[in-house]
Each structure stands twice: as structure tokens, then as C-alpha cells.
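Colleague: Dropping in final_30.txt, which is compact mmCIF, C-alpha atoms:
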```
# COMPACT_ATOMS: atom_id res chain seq x y z
CA LEU A 1 84.72 94.95 96.90
CA LYS A 2 84.93 91.62 98.64
CA LYS A 3 83.59 90.15 95.40
CA LEU A 4 86.70 91.11 93.43
CA PRO A 5 88.30 87.62 93.52
CA GLN A 6 84.98 86.15 92.36
CA LEU A 7 84.65 88.73 89.56
CA LEU A 8 88.20 88.03 88.42
CA ALA A 9 87.48 84.28 88.40
CA GLU A 10 84.37 84.90 86.26
CA ILE A 11 86.38 87.00 83.80
CA GLN A 12 89.00 84.23 83.65
CA GLN A 13 86.24 81.69 82.87
CA GLU A 14 84.97 83.94 80.05
CA HIS A 15 88.51 84.23 78.65
CA PRO A 16 90.19 80.91 79.56
CA ASP A 17 93.01 81.30 77.05
CA LYS A 18 93.99 84.77 78.27
CA HIS A 19 96.21 86.03 81.07
CA ILE A 20 94.05 88.31 83.25
CA GLU A 21 95.62 91.56 84.49
CA LEU A 22 94.02 93.83 87.05
CA TRP A 23 94.00 97.47 85.92
CA CYS A 24 92.51 100.59 87.49
CA GLN A 25 91.28 103.59 85.52
CA ASP A 26 90.22 107.15 86.27
CA GLU A 27 90.61 110.69 85.03
CA THR A 28 91.60 113.92 86.69
CA ARG A 29 91.10 117.57 85.80
CA ILE A 30 94.22 119.66 85.45
CA GLY A 31 93.74 123.35 84.98
CA GLN A 32 94.53 126.95 85.51
CA LYS A 33 92.62 127.03 88.79
CA GLY A 34 95.44 124.85 90.07
CA ARG A 35 96.09 123.68 93.58
CA ARG A 36 98.44 124.32 96.42
CA THR A 37 100.29 121.62 98.25
CA ARG A 38 102.54 121.50 101.27
CA THR A 39 105.93 123.04 100.78
CA TRP A 40 109.06 123.39 102.85
CA ALA A 41 109.82 126.79 104.34
CA GLU A 42 111.94 128.23 107.09
CA THR A 43 110.21 128.20 110.49
CA GLY A 44 108.31 131.40 111.07
CA THR A 45 107.98 132.28 107.40
CA ARG A 46 105.00 132.02 105.13
CA PRO A 47 106.05 130.90 101.64
CA SER A 48 104.27 132.39 98.67
CA ALA A 49 102.79 130.14 96.01
CA PRO A 50 101.29 131.16 92.69
CA ILE A 51 97.60 130.52 92.16
CA ASP A 52 95.55 131.25 89.07
CA THR A 53 91.87 132.19 89.04
CA ARG A 54 91.17 131.34 85.41
CA TYR A 55 89.25 128.21 84.45
CA GLY A 56 90.92 126.65 81.39
CA ASN A 57 91.52 122.93 81.88
CA ALA A 58 92.11 119.52 80.34
CA TYR A 59 91.58 115.97 81.57
CA LEU A 60 94.22 113.33 82.06
CA PHE A 61 92.65 109.91 81.47
CA GLY A 62 94.90 107.24 82.93
CA ALA A 63 94.85 103.49 83.47
CA PHE A 64 97.37 101.58 85.55
CA CYS A 65 98.56 97.99 85.86
CA PRO A 66 100.52 97.79 89.13
CA ALA A 67 101.56 94.18 88.47
CA ARG A 68 103.49 95.22 85.34
CA ASP A 69 104.34 98.73 86.62
CA THR A 70 102.84 100.31 83.51
CA GLY A 71 100.01 102.47 82.34
CA ALA A 72 98.27 104.08 79.39
CA ALA A 73 97.06 107.67 79.28
CA LEU A 74 95.65 110.42 77.09
CA VAL A 75 95.32 114.13 77.81
CA LEU A 76 91.93 115.15 76.46
CA PRO A 77 89.88 118.37 76.27
CA LYS A 78 86.84 117.09 78.18
CA ALA A 79 85.49 114.11 80.09
CA ASN A 80 82.66 112.34 78.28
CA THR A 81 81.81 109.05 76.56
CA GLU A 82 83.64 109.97 73.36
CA MET A 83 86.84 110.69 75.29
CA MET A 84 86.48 107.50 77.35
CA GLN A 85 86.11 105.58 74.08
CA LEU A 86 89.43 107.01 72.88
CA HIS A 87 91.03 106.05 76.18
CA LEU A 88 89.75 102.46 76.04
CA LYS A 89 91.15 102.16 72.52
CA GLU A 90 94.54 103.38 73.80
CA ILE A 91 94.52 100.94 76.74
CA SER A 92 93.51 98.07 74.46
CA SER A 93 96.41 98.83 72.12
CA GLN A 94 98.87 98.72 75.05
CA LEU A 95 97.88 95.25 76.29
CA PRO A 96 100.23 92.40 75.45
CA GLU A 97 98.95 89.68 73.16
CA ASN A 98 96.93 86.99 75.02
CA THR A 99 96.21 89.43 77.86
CA HIS A 100 92.80 90.57 79.06
CA ALA A 101 92.44 93.60 81.35
CA ALA A 102 89.96 93.46 84.22
CA MET A 103 89.68 97.20 84.81
CA LEU A 104 88.31 98.94 87.89
CA VAL A 105 86.27 102.05 87.07
CA ASP A 106 84.10 104.39 89.13
CA GLY A 107 80.48 105.20 88.34
CA ALA A 108 81.09 108.25 86.13
CA ALA A 109 78.45 108.54 83.42
CA TRP A 110 81.03 108.04 80.65
CA HIS A 111 82.21 104.79 82.27
CA THR A 112 78.72 103.30 82.27
CA SER A 113 77.26 104.82 79.10
CA LYS A 114 75.28 102.51 76.82
CA ASP A 115 77.11 104.15 73.90
CA LEU A 116 80.50 103.00 75.19
CA VAL A 117 81.96 100.12 73.19
CA VAL A 118 84.36 98.18 75.41
CA PRO A 119 87.16 96.47 73.43
CA PRO A 120 87.12 92.65 73.53
CA ASN A 121 90.37 92.51 75.55
CA ILE A 122 88.97 94.65 78.41
CA SER A 123 86.27 93.97 81.02
CA LEU A 124 85.06 96.82 83.22
CA ILE A 125 84.47 96.26 86.93
CA GLN A 126 82.44 99.05 88.47
CA LEU A 127 83.42 100.14 91.96
CA PRO A 128 80.71 100.84 94.55
CA PRO A 129 79.30 104.38 94.44
CA TYR A 130 80.90 107.12 96.55
CA SER A 131 84.04 105.10 97.25
CA PRO A 132 87.02 106.89 95.65
CA GLU A 133 89.25 105.36 98.31
CA LEU A 134 88.83 101.99 96.57
CA ASN A 135 90.30 103.28 93.30
CA PRO A 136 94.11 103.16 93.37
CA SER A 137 94.15 105.73 90.55
CA GLU A 138 93.33 108.42 93.11
CA ASN A 139 96.76 107.88 94.69
CA VAL A 140 98.44 108.36 91.32
CA TRP A 141 96.60 111.64 90.68
CA GLN A 142 97.61 112.96 94.10
CA TYR A 143 101.23 111.99 93.44
CA LEU A 144 101.26 113.63 90.00
CA LYS A 145 99.69 116.85 91.25
CA ASN A 146 101.87 117.09 94.35
CA ASN A 147 105.13 116.34 92.55
CA PHE A 148 104.75 117.73 89.04
CA LEU A 149 101.69 119.95 88.69
CA SER A 150 101.22 122.06 91.82
CA HIS A 151 102.29 125.68 92.35
CA GLN A 152 102.22 126.46 88.63
CA VAL A 153 100.44 128.95 86.43
CA TRP A 154 99.75 128.05 82.80
CA ASN A 155 98.91 130.65 80.17
CA SER A 156 96.72 128.48 77.96
CA VAL A 157 95.04 125.10 77.61
CA PRO A 158 97.83 123.88 75.27
CA ASP A 159 100.29 124.69 78.09
CA ILE A 160 98.15 122.63 80.49
CA ILE A 161 98.08 119.73 78.03
CA ASP A 162 101.88 119.88 77.66
CA ALA A 163 102.35 119.97 81.45
CA ALA A 164 99.99 117.01 81.99
CA ALA A 165 101.70 114.97 79.28
CA ASP A 166 105.12 115.84 80.73
CA ALA A 167 103.99 114.82 84.24
CA TRP A 168 102.66 111.50 82.88
CA ASN A 169 105.90 110.80 81.00
CA LYS A 170 107.96 111.52 84.12
CA LEU A 171 105.80 109.10 86.12
CA ILE A 172 106.09 106.33 83.54
CA LYS A 173 109.90 106.71 83.42
CA GLN A 174 110.20 106.21 87.20
CA THR A 175 110.67 102.47 87.54
CA GLY A 176 108.49 101.08 90.33
CA SER A 177 106.33 104.19 90.74
CA ILE A 178 103.06 102.82 89.43
CA ALA A 179 103.58 99.50 91.20
CA THR A 180 104.09 101.37 94.47
CA ILE A 181 101.61 104.26 94.18
CA ALA A 182 98.74 102.25 92.71
CA ALA A 183 99.24 99.20 94.94
CA LEU A 184 96.08 97.12 95.02
CA ASN A 185 96.63 95.42 98.40
CA ALA A 186 93.88 97.43 100.09
CA LEU A 187 91.28 96.00 97.71
CA TYR A 188 91.52 92.60 99.35
CA LEU A 189 90.95 93.77 102.94
CA ASP A 190 88.12 92.05 104.75
CA ASP A 191 85.82 93.91 107.12
```
Would you kindly transcribe this structure into C-alpha cells?
Modeller:
Amino acid sequence: LKKLPQLLAEIQQEHPDKHIELWCQDETRIGQKGRRTRTWAETGTRPSAPIDTRYGNAYLFGAFCPARDTGAALVLPKANTEMMQLHLKEISSQLPENTHAAMLVDGAAWHTSKDLVVPPNISLIQLPPYSPELNPSENVWQYLKNNFLSHQVWNSVPDIIDAAADAWNKLIKQTGSIATIAALNALYLDD
């Protein structure tokens, strides 16, 4: 990812009249299978935590701009090109006028599909394969799951969708959260 400054400069040259913002994008599965996280308990005790064995789920597609401490998200029923297209349309609608998003994405098939139509105010920058640590979105998903979505049992997919949307809305309302959690400083580290 040492080429990021160069890629951003190229995007700026392609869009000289636009302000370039660096965004990161990813999606996460939220479902009945759930997850456990660390929890406080009295020394010597073993706290109980609910866990579900059913498999209903939804996907939270999210994109983040740490510089403006903002994001755009959709909770969708599956992860595929059609859903990614909906997400790109949502991100595009959230960008200020005269702004172009240079957006980091991983190599998921729906991020690189030939059928994907990228809006004119977004450029996708593909991260190297097998490098989730380079995508700041991963930190946001961990935060959301640890703070709002763990240790819960949902009865249905609509309940999962409501919980994911509620978690997203709580994150967005916390001033400074996205700027802190999705900090992009690590992307500029030299080896």
C-alpha cells in the first residue's frame, strides 16, 4: 500500500476540480450465530452469555470517511454485486458537491465484478489480497460487534436488520468515533 499517495495523486489528476476524500468500505455479516466477546465478571466466576445456533443473517455494508468523521451504510439481505451496487449509490448520494471519494475496498468478488457500475464521484482502490489489516473498516466492525451486537439472540432476520441499523445509528451519533476507530495512519507506514 506504499503506492497509496501515488494512487491518490492520479485520482486528483483525473478529477482536478474535485476535493478528494479517502474512504474505506467493507461489509460484515451479522446473524443469529452471533459471537461472544470479553465481559467483566467477579474473579472466580464464569459469566454466562447467550449464544444462538441458528443461521439467519444480514449484511451491514459500510463506508467510512475518517477525515469528516462520517459514513454511509445499508443493511442488506446478502452480499453480492447487486447489493454492492446499492451501497455505491448510497455512498455517492452522501458525498458533498465537488467531492470525489477514493475508496479502499478488498478483493471480494462483488467489489471487482465487471457488472458493477461505479458512480462518477467514486474511484475504487483495491487493497492487496489477504490483507484485512490494511482495511480500517475491520476496526469499525469489531467495535460495533463488541459494543452493540454481541451477547444477543435475535428471533428473526428482521430483528437482526433492526439491531444492525440501530448499532450503525449509535456509531454515527458518537462524535469522533469513526475518525478514531477508522484512523488511516497505519496505511502510510513504510517497511
Colleague: What gap, in Å, lies between CA of Leu88 (chain A) and CA of Gly62 (chain A)?
Modeller: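 Separating CA of Leu88 (chain A) from CA of Gly62 (chain A) is a distance of 9.8 Å.
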Colleague: Under the rule that only C-alpha atoms are counted, which of A:Ile11, A:Ala58, A:Leu22, A:Ile91 is the nearest residue to Ser156 (chain A)?
Modeller: A:Ala58
Colleague: Between A:Arg68, A:Lys18, A:Arg29, A:Lys3, which has the minimum distance to Ile172 (chain A) (counting all atoms listed in the file)?
Modeller: A:Arg68
Colleague: Excluding Ile30 (chain A) and residues on its chain fewer than 4 positions from it, collect all residues at most 8 Å away from it, counting all atoms listed in the file, and give them as a list in words.
Modeller: Gly34, Asn57, Ala58, Tyr59, Leu60, Ile160 and Ala164 of chain A
Colleague: May I have the residues from that selection written out with C-alpha atoms, as a tab-separated table (two decimals), in the coordinates of the input?
Modeller:
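This went into again.tsv:
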```
chain	number	residue	atom	x	y	z
A	34	GLY	CA	95.44	124.85	90.07
A	57	ASN	CA	91.52	122.93	81.88
A	58	ALA	CA	92.11	119.52	80.34
A	59	TYR	CA	91.58	115.97	81.57
A	60	LEU	CA	94.22	113.33	82.06
A	160	ILE	CA	98.15	122.63	80.49
A	164	ALA	CA	99.99	117.01	81.99
```
Colleague: Just to confirm, what's the straight-line distance from CA of Ala163 (chain A) to CA of Cys24 (chain A) in Å (one decimal)?
Modeller: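 Interatomic distance here is 22.6 Å.
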Colleague: With distances taken over all atoms listed in the file, which residue among A:Leu144, A:Gly56, A:Leu7, A:Glu90 lies nearest Asn169 (chain A)?
Modeller: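 Checking each of A:Leu144, A:Gly56, A:Leu7, A:Glu90 against Asn169 (chain A), counting all atoms listed in the file, the winner is A:Leu144.
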Colleague: Which residue, A:Thr112, A:Val118, A:Thr43, A:Pro66, has the smallest gap to Lys89 (chain A) when you use all atoms listed in the file?
Modeller: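 Among A:Thr112, A:Val118, A:Thr43, A:Pro66, it is A:Val118 that comes nearest to Lys89 (chain A).
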Colleague: Which one is closest to Ser93 (chain A): A:Gly44, A:Gln142, A:Ala72, A:Ala165? Count only C-alpha atoms.
Modeller: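 Distance minimum relative to Ser93 (chain A) lands on A:Ala72.
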Colleague: Let me make sure I understand: among A:Glu138, A:Glu27, A:Gln94, A:Ala167, which one has the smallest atom-to-atom distance to Ser150 (chain A) if we use only C-alpha atoms?
Modeller: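 Nearest candidate to Ser150 (chain A) out of A:Glu138, A:Glu27, A:Gln94, A:Ala167: A:Ala167.
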